[in-house]
Amino acid sequence: MANKKSHSYPSITLADCIACLMCVDVCPTGALDIVTRNGARGFRRYPCLSFADKCVSCAACKFECPTGAIFMKQEVAEAAEEEM
Ligand code: SF4
Ligand code: SF4
């Protein structure tokens with residue numbers, strides 16, 4: 001028998017990101033990291049969900065983002081119950 005657990009994660013659209021890093025600052029758990037990459041706005045430091053296991057799905061990053069670059073993506077994980 002399967003036990004369903006749902007968890008939503010932020011998804012960042014780099015094309016809309018102005019690299020302000022406010023989302024990284026507001027995250028209460030440190031789930032977002034900063035990575036340097038050559039994105040739509042050139043070579044900058046962009047946010048990245050490097051530590052997804054720390055994300056508590058609070059959506060603070062989404063609401064803090066001034067450009068709407070973050071949306072919450074629902075992921076459904078199924079964990080099978082162990083039968084003894
Ligand atoms: S949803 Fe909350 S915990 Fe997850 S990355 Fe965004 S601010 Fe951090
Ligand atoms: S708050 Fe939005 S615009 Fe600023 S770095 Fe995060 S995703 Fe990019």
# chains A, B, ... in the order shown; residues from 1 in each chain; ligands from 1
$ residues_near_ligand --ligand "ligand 1" --cutoff "6 Å" --atoms "only C-alpha atoms and all ligand atoms" --output "number ranges by chain"
A: 9-10, 27-29, 31-32, 55-61
$ residues_near_ligand --ligand "ligand 2" --cutoff "8 Å" --atoms "only C-alpha atoms and all ligand atoms" --output "PyMOL selection string"
chain A and resi 12-14+16-24+46-47+61-62+64-70
$ closest_residue --among "A:His7, A:Lys54, A:Cys48, A:Ala15" --to "Thr36 (chain A)" --atoms "only C-alpha atoms"
A:Cys48
